[in-house]
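Below is the file model04.pdb, which contains PDB, C-alpha atoms, pLDDT in the B column.
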ATOM      1  CA  MET A  91     135.752 127.268 113.250  1.00 46.00           C
ATOM      2  CA  ALA A  92     134.201 130.424 114.654  1.00 53.00           C
ATOM      3  CA  LEU A  93     131.606 132.499 112.846  1.00 51.00           C
ATOM      4  CA  THR A  94     132.512 135.946 111.660  1.00 62.00           C
ATOM      5  CA  PRO A  95     130.473 138.762 113.224  1.00 67.00           C
ATOM      6  CA  GLN A  96     128.491 139.076 109.948  1.00 68.00           C
ATOM      7  CA  GLN A  97     127.780 135.319 109.792  1.00 57.00           C
ATOM      8  CA  GLU A  98     126.654 135.377 113.430  1.00 55.00           C
ATOM      9  CA  ASP A  99     124.304 138.318 112.743  1.00 60.00           C
ATOM     10  CA  ASP A 100     122.889 136.543 109.683  1.00 61.00           C
ATOM     11  CA  PHE A 101     122.329 133.343 111.645  1.00 52.00           C
ATOM     12  CA  LEU A 102     120.668 135.088 114.575  1.00 58.00           C
ATOM     13  CA  ALA A 103     118.401 137.009 112.207  1.00 59.00           C
ATOM     14  CA  ASP A 104     117.325 133.801 110.441  1.00 52.00           C
ATOM     15  CA  PRO A 105     118.664 130.646 112.161  1.00 45.00           C
ATOM     16  CA  PHE A 106     116.836 128.151 109.953  1.00 46.00           C
ATOM     17  CA  GLY A 107     116.969 129.821 106.553  1.00 46.00           C
ATOM     18  CA  PHE A 108     113.277 130.785 106.436  1.00 48.00           C
ATOM     19  CA  SER A 109     113.759 134.431 105.537  1.00 48.00           C
ATOM     20  CA  GLU A 110     112.074 135.999 102.553  1.00 52.00           C
ATOM     21  CA  ASN A 111     115.386 135.853 100.693  1.00 50.00           C
ATOM     22  CA  GLY A 112     115.684 132.146 101.432  1.00 47.00           C
ATOM     23  CA  GLU A 113     112.147 131.577 100.186  1.00 48.00           C
ATOM     24  CA  GLU A 114     112.894 133.517  97.009  1.00 47.00           C
ATOM     25  CA  GLN A 115     116.053 131.474  96.518  1.00 46.00           C
ATOM     26  CA  GLN A 116     114.100 128.224  96.943  1.00 48.00           C
ATOM     27  CA  GLN A 117     111.594 129.348  94.326  1.00 52.00           C
ATOM     28  CA  GLU A 118     114.414 130.279  91.942  1.00 63.00           C
ATOM     29  CA  ASP A 119     115.912 126.824  92.455  1.00 85.00           C
ATOM     30  CA  ASN A 120     112.581 125.087  91.851  1.00 93.00           C
ATOM     31  CA  ARG A 121     112.809 124.024  88.212  1.00 94.00           C
ATOM     32  CA  ILE A 122     109.295 122.586  88.165  1.00 91.00           C
ATOM     33  CA  ARG A 123     107.677 125.817  89.342  1.00 90.00           C
ATOM     34  CA  GLN A 124     109.789 127.910  86.961  1.00 83.00           C
ATOM     35  CA  TYR A 125     109.048 125.965  83.801  1.00 82.00           C
ATOM     36  CA  LEU A 126     105.971 123.826  84.348  1.00 81.00           C
ATOM     37  CA  SER A 127     103.629 125.916  86.493  1.00 76.00           C
ATOM     38  CA  ASP A 128     100.982 125.868  83.737  1.00 81.00           C
ATOM     39  CA  LEU A 129     101.529 122.258  82.604  1.00 82.00           C
ATOM     40  CA  ASN A 130      98.127 121.122  83.916  1.00 74.00           C
ATOM     41  CA  ASN A 131      96.486 123.760  81.698  1.00 80.00           C
ATOM     42  CA  ARG A 132      98.376 122.699  78.547  1.00 85.00           C
ATOM     43  CA  THR A 133      97.742 118.941  78.573  1.00 89.00           C
ATOM     44  CA  ASN A 134      96.076 116.168  80.530  1.00 89.00           C
ATOM     45  CA  ASP A 135      98.113 113.387  78.893  1.00 94.00           C
ATOM     46  CA  PRO A 136     100.505 111.774  81.424  1.00 95.00           C
ATOM     47  CA  GLU A 137     102.895 110.876  78.584  1.00 95.00           C
ATOM     48  CA  ASP A 138     103.201 114.507  77.425  1.00 95.00           C
ATOM     49  CA  MET A 139     103.551 115.655  81.030  1.00 93.00           C
ATOM     50  CA  MET A 140     106.371 113.178  81.696  1.00 96.00           C
ATOM     51  CA  LEU A 141     108.207 114.245  78.533  1.00 95.00           C
ATOM     52  CA  GLU A 142     108.127 117.881  79.676  1.00 93.00           C
ATOM     53  CA  ILE A 143     109.212 116.942  83.206  1.00 95.00           C
ATOM     54  CA  MET A 144     112.145 114.939  81.821  1.00 96.00           C
ATOM     55  CA  GLN A 145     113.139 117.859  79.629  1.00 95.00           C
ATOM     56  CA  VAL A 146     113.200 120.239  82.607  1.00 94.00           C
ATOM     57  CA  LEU A 147     115.143 117.770  84.808  1.00 96.00           C
ATOM     58  CA  ASN A 148     117.460 116.620  82.004  1.00 95.00           C
ATOM     59  CA  GLN A 149     120.573 118.260  83.500  1.00 95.00           C
ATOM     60  CA  THR A 150     120.338 116.203  86.712  1.00 96.00           C
ATOM     61  CA  VAL A 151     120.234 112.499  85.881  1.00 97.00           C
ATOM     62  CA  THR A 152     121.897 109.442  87.354  1.00 97.00           C
ATOM     63  CA  PRO A 153     121.929 105.718  86.516  1.00 97.00           C
ATOM     64  CA  ILE A 154     121.894 104.664  90.202  1.00 96.00           C
ATOM     65  CA  PRO A 155     119.806 106.267  92.942  1.00 98.00           C
ATOM     66  CA  GLU A 156     121.096 107.305  96.343  1.00 97.00           C
ATOM     67  CA  VAL A 157     119.185 106.313  99.477  1.00 97.00           C
ATOM     68  CA  GLY A 158     117.339 109.315 100.892  1.00 96.00           C
ATOM     69  CA  LYS A 159     117.077 111.171  97.566  1.00 97.00           C
ATOM     70  CA  PHE A 160     114.072 111.732  95.294  1.00 98.00           C
ATOM     71  CA  TYR A 161     113.669 110.624  91.679  1.00 98.00           C
ATOM     72  CA  THR A 162     111.244 110.284  88.807  1.00 98.00           C
ATOM     73  CA  PHE A 163     111.804 107.991  85.824  1.00 98.00           C
ATOM     74  CA  VAL A 164     110.184 105.814  83.171  1.00 98.00           C
ATOM     75  CA  TYR A 165     109.611 102.225  84.243  1.00 97.00           C
ATOM     76  CA  ASN A 166     108.353  99.250  82.229  1.00 95.00           C
ATOM     77  CA  ALA A 167     107.456  96.390  84.568  1.00 93.00           C
ATOM     78  CA  LYS A 168     107.583  92.832  83.249  1.00 89.00           C
ATOM     79  CA  THR A 169     105.552  91.055  85.934  1.00 88.00           C
ATOM     80  CA  PRO A 170     102.420  89.657  84.214  1.00 90.00           C
ATOM     81  CA  GLY A 171      99.038  90.779  85.480  1.00 91.00           C
ATOM     82  CA  GLU A 172     100.453  93.491  87.733  1.00 91.00           C
ATOM     83  CA  THR A 173      99.410  97.135  87.626  1.00 94.00           C
ATOM     84  CA  TYR A 174     102.371  99.478  87.807  1.00 96.00           C
ATOM     85  CA  ASP A 175     103.197 103.177  87.617  1.00 97.00           C
ATOM     86  CA  GLN A 176     105.135 103.853  84.412  1.00 97.00           C
ATOM     87  CA  HIS A 177     106.155 107.332  85.674  1.00 98.00           C
ATOM     88  CA  PRO A 178     106.961 106.867  89.359  1.00 98.00           C
ATOM     89  CA  LEU A 179     107.991 109.672  91.708  1.00 98.00           C
ATOM     90  CA  ILE A 180     109.895 108.047  94.554  1.00 98.00           C
ATOM     91  CA  ALA A 181     112.037 108.494  97.631  1.00 97.00           C
ATOM     92  CA  CYS A 182     114.775 105.851  97.415  1.00 97.00           C
ATOM     93  CA  VAL A 183     114.877 103.821 100.636  1.00 97.00           C
ATOM     94  CA  ASP A 184     117.171 100.889  99.783  1.00 97.00           C
ATOM     95  CA  LEU A 185     119.597  99.612  97.127  1.00 98.00           C
ATOM     96  CA  PHE A 186     120.121  95.998  96.075  1.00 98.00           C
ATOM     97  CA  LYS A 187     122.079  94.113  93.394  1.00 97.00           C
ATOM     98  CA  TRP A 188     118.805  93.581  91.488  1.00 97.00           C
ATOM     99  CA  GLY A 189     117.530  97.172  91.813  1.00 98.00           C
ATOM    100  CA  PHE A 190     116.146  99.458  94.476  1.00 98.00           C
ATOM    101  CA  ARG A 191     113.140 100.057  96.722  1.00 97.00           C
ATOM    102  CA  GLY A 192     111.295 103.339  96.869  1.00 97.00           C
ATOM    103  CA  LEU A 193     108.299 105.018  98.398  1.00 97.00           C
ATOM    104  CA  ASN A 194     106.102 105.786  95.385  1.00 98.00           C
ATOM    105  CA  PHE A 195     104.422 109.131  96.091  1.00 97.00           C
ATOM    106  CA  HIS A 196     101.696 108.522  93.488  1.00 96.00           C
ATOM    107  CA  TRP A 197     100.552 105.370  95.301  1.00 95.00           C
ATOM    108  CA  ARG A 198     101.874 106.144  98.797  1.00 95.00           C
ATOM    109  CA  THR A 199     103.319 102.650  99.046  1.00 96.00           C
ATOM    110  CA  TYR A 200     106.735 101.039  98.819  1.00 97.00           C
ATOM    111  CA  ARG A 201     107.641  99.451  95.489  1.00 96.00           C
ATOM    112  CA  ASN A 202     110.582  97.476  94.149  1.00 97.00           C
ATOM    113  CA  TYR A 203     112.233  98.585  90.898  1.00 97.00           C
ATOM    114  CA  THR A 204     114.640  96.333  88.982  1.00 97.00           C
ATOM    115  CA  TRP A 205     117.535  97.664  86.905  1.00 97.00           C
ATOM    116  CA  ASP A 206     116.415  95.800  83.770  1.00 96.00           C
ATOM    117  CA  GLU A 207     113.005  97.450  83.774  1.00 96.00           C
ATOM    118  CA  LEU A 208     114.274 101.043  83.937  1.00 97.00           C
ATOM    119  CA  ALA A 209     113.763 102.696  80.563  1.00 95.00           C
ATOM    120  CA  GLY A 210     116.708 105.085  80.958  1.00 94.00           C
ATOM    121  CA  GLN A 211     118.134 107.400  83.569  1.00 96.00           C
ATOM    122  CA  LEU A 212     116.686 108.459  86.897  1.00 98.00           C
ATOM    123  CA  TYR A 213     115.836 112.164  87.022  1.00 98.00           C
ATOM    124  CA  ILE A 214     116.895 113.760  90.298  1.00 98.00           C
ATOM    125  CA  VAL A 215     114.148 115.716  92.056  1.00 97.00           C
ATOM    126  CA  GLU A 216     114.986 118.265  94.746  1.00 97.00           C
ATOM    127  CA  TYR A 217     112.996 118.261  97.987  1.00 96.00           C
ATOM    128  CA  ASN A 218     111.514 121.709  97.269  1.00 96.00           C
ATOM    129  CA  GLU A 219     110.179 120.405  93.922  1.00 96.00           C
ATOM    130  CA  LEU A 220     108.142 117.497  95.361  1.00 95.00           C
ATOM    131  CA  ASP A 221     104.905 119.406  96.028  1.00 94.00           C
ATOM    132  CA  ASP A 222     104.961 120.901  92.543  1.00 93.00           C
ATOM    133  CA  LEU A 223     105.445 117.475  90.927  1.00 94.00           C
ATOM    134  CA  LEU A 224     102.712 115.979  93.109  1.00 94.00           C
ATOM    135  CA  ALA A 225     100.325 118.636  91.781  1.00 92.00           C
ATOM    136  CA  ILE A 226     100.945 117.368  88.228  1.00 93.00           C
ATOM    137  CA  PRO A 227      98.938 114.189  87.494  1.00 94.00           C
ATOM    138  CA  TYR A 228     101.654 112.509  85.421  1.00 95.00           C
ATOM    139  CA  GLY A 229     101.499 109.081  87.077  1.00 96.00           C
ATOM    140  CA  LYS A 230     100.659 106.529  84.385  1.00 96.00           C
ATOM    141  CA  PHE A 231      99.096 103.359  85.780  1.00 95.00           C
ATOM    142  CA  ILE A 232      99.252 100.379  83.454  1.00 95.00           C
ATOM    143  CA  LEU A 233      98.071  96.768  83.808  1.00 94.00           C
ATOM    144  CA  ASN A 234     100.824  94.597  82.385  1.00 88.00           C
ATOM    145  CA  PRO A 235      99.030  92.075  80.112  1.00 82.00           C
ATOM    146  CA  HIS A 236     101.997  89.705  79.590  1.00 64.00           C
TER     147      HIS A 236
END

Structure rendered as structure tokens:
Amino acid sequence: MALTPQQEDDFLADPFGFSENGEEQQQEDNRIRQYLSDLNNRTNDPEDMMLEIMQVLNQTVTPIPEVGKFYTFVYNAKTPGETYDQHPLIACVDLFKWGFRGLNFHWRTYRNYTWDELAGQLYIVEYNELDDLLAIPYGKFILNPH
């Protein structure tokens, strides 16, 4: 399908979508920046931060992640003696019958997450929201005593 003359002009003016208008649109679409830009000033409690993040992302949830997409969620690990992130921010890299594997951005390592240990839905995070979420220290690292 051929481009219209207007579409061709628009593409040639900004072939990769980096125009000021595109940047403004990305900022408008960034829910974290819109609603939580001052979150670090309001609280330093990771639990309160996660509750606000979940509230902002509440319209985009899923029970099963998709490989290549980004998510945050509440996780309650059962493995005794293991330290885990109760509020992971991940890039999903693989799906299994037992759960999924993700790159945890708080730890910068790959972790396995089982379905039974998810404490609810996965909150979908858009790519342009990652930096804003990484600037919020909402990771909650817990040593599982069981």

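Closest to Glu219 (chain A) among A:Met139, A:Thr169, A:Leu179, A:Gln149 is A:Leu179, based on all atoms listed in the file.
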
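The space separating CA of Pro227 (chain A) from CA of Arg201 (chain A) comes to 18.9 Å.
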
Residues matched by the PyMOL selection byres ((chain A and resi 188) around 7), written as a tab-separated table (two decimals) with C-alpha atoms, keeping the file's coordinate frame:
chain	number	residue	atom	x	y	z
A	186	PHE	CA	120.12	96.00	96.08
A	187	LYS	CA	122.08	94.11	93.39
A	189	GLY	CA	117.53	97.17	91.81
A	204	THR	CA	114.64	96.33	88.98
A	205	TRP	CA	117.54	97.66	86.90

Checklist entry - Got a sec to resolve the PyMOL selection byres ((chain A and resi 121-136) around 9) on this structure and send the residues as a ChimeraX atom specification? => result /A:117-120,137-143,146-147,177,216,219-220,222-223,225-230

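Between CA of Ile214 (chain A) and CA of Lys159 (chain A) the separation is 7.7 Å.
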
Item to check | Matched chain/residue IDs from the PyMOL selection byres ((chain A and resi 165) around 6), as a PyMOL selection string | outcome: chain A and resi 164+166+176+207-209

Checklist outcome for this item: What separates CA of Gly171 (chain A) and CA of Leu193 (chain A) is a distance of 21.3 Å

Item to check | Residues within 7 Å of (112.6, 111.4, 97.6), file coords, all atoms listed in the file, listed as a PyMOL selection string | outcome: chain A and resi 158-161+180-182+217

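Nearest residue to Phe231 (chain A), choosing from A:Gln145, A:Pro155, A:Thr173, A:Gly210 and counting only C-alpha atoms: A:Thr173.
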
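Nearest to Lys168 (chain A) of all the residues A:Asp206, A:Pro153, A:Asn194, A:Leu212 is A:Asp206, based on all atoms listed in the file.
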
Next on the checklist: So, with all atoms listed in the file as the atoms that count, which of A:Trp197, A:Tyr203, A:Phe190, A:Phe163 lies closest to Met144 (chain A)?
Outcome noted: A:Phe163
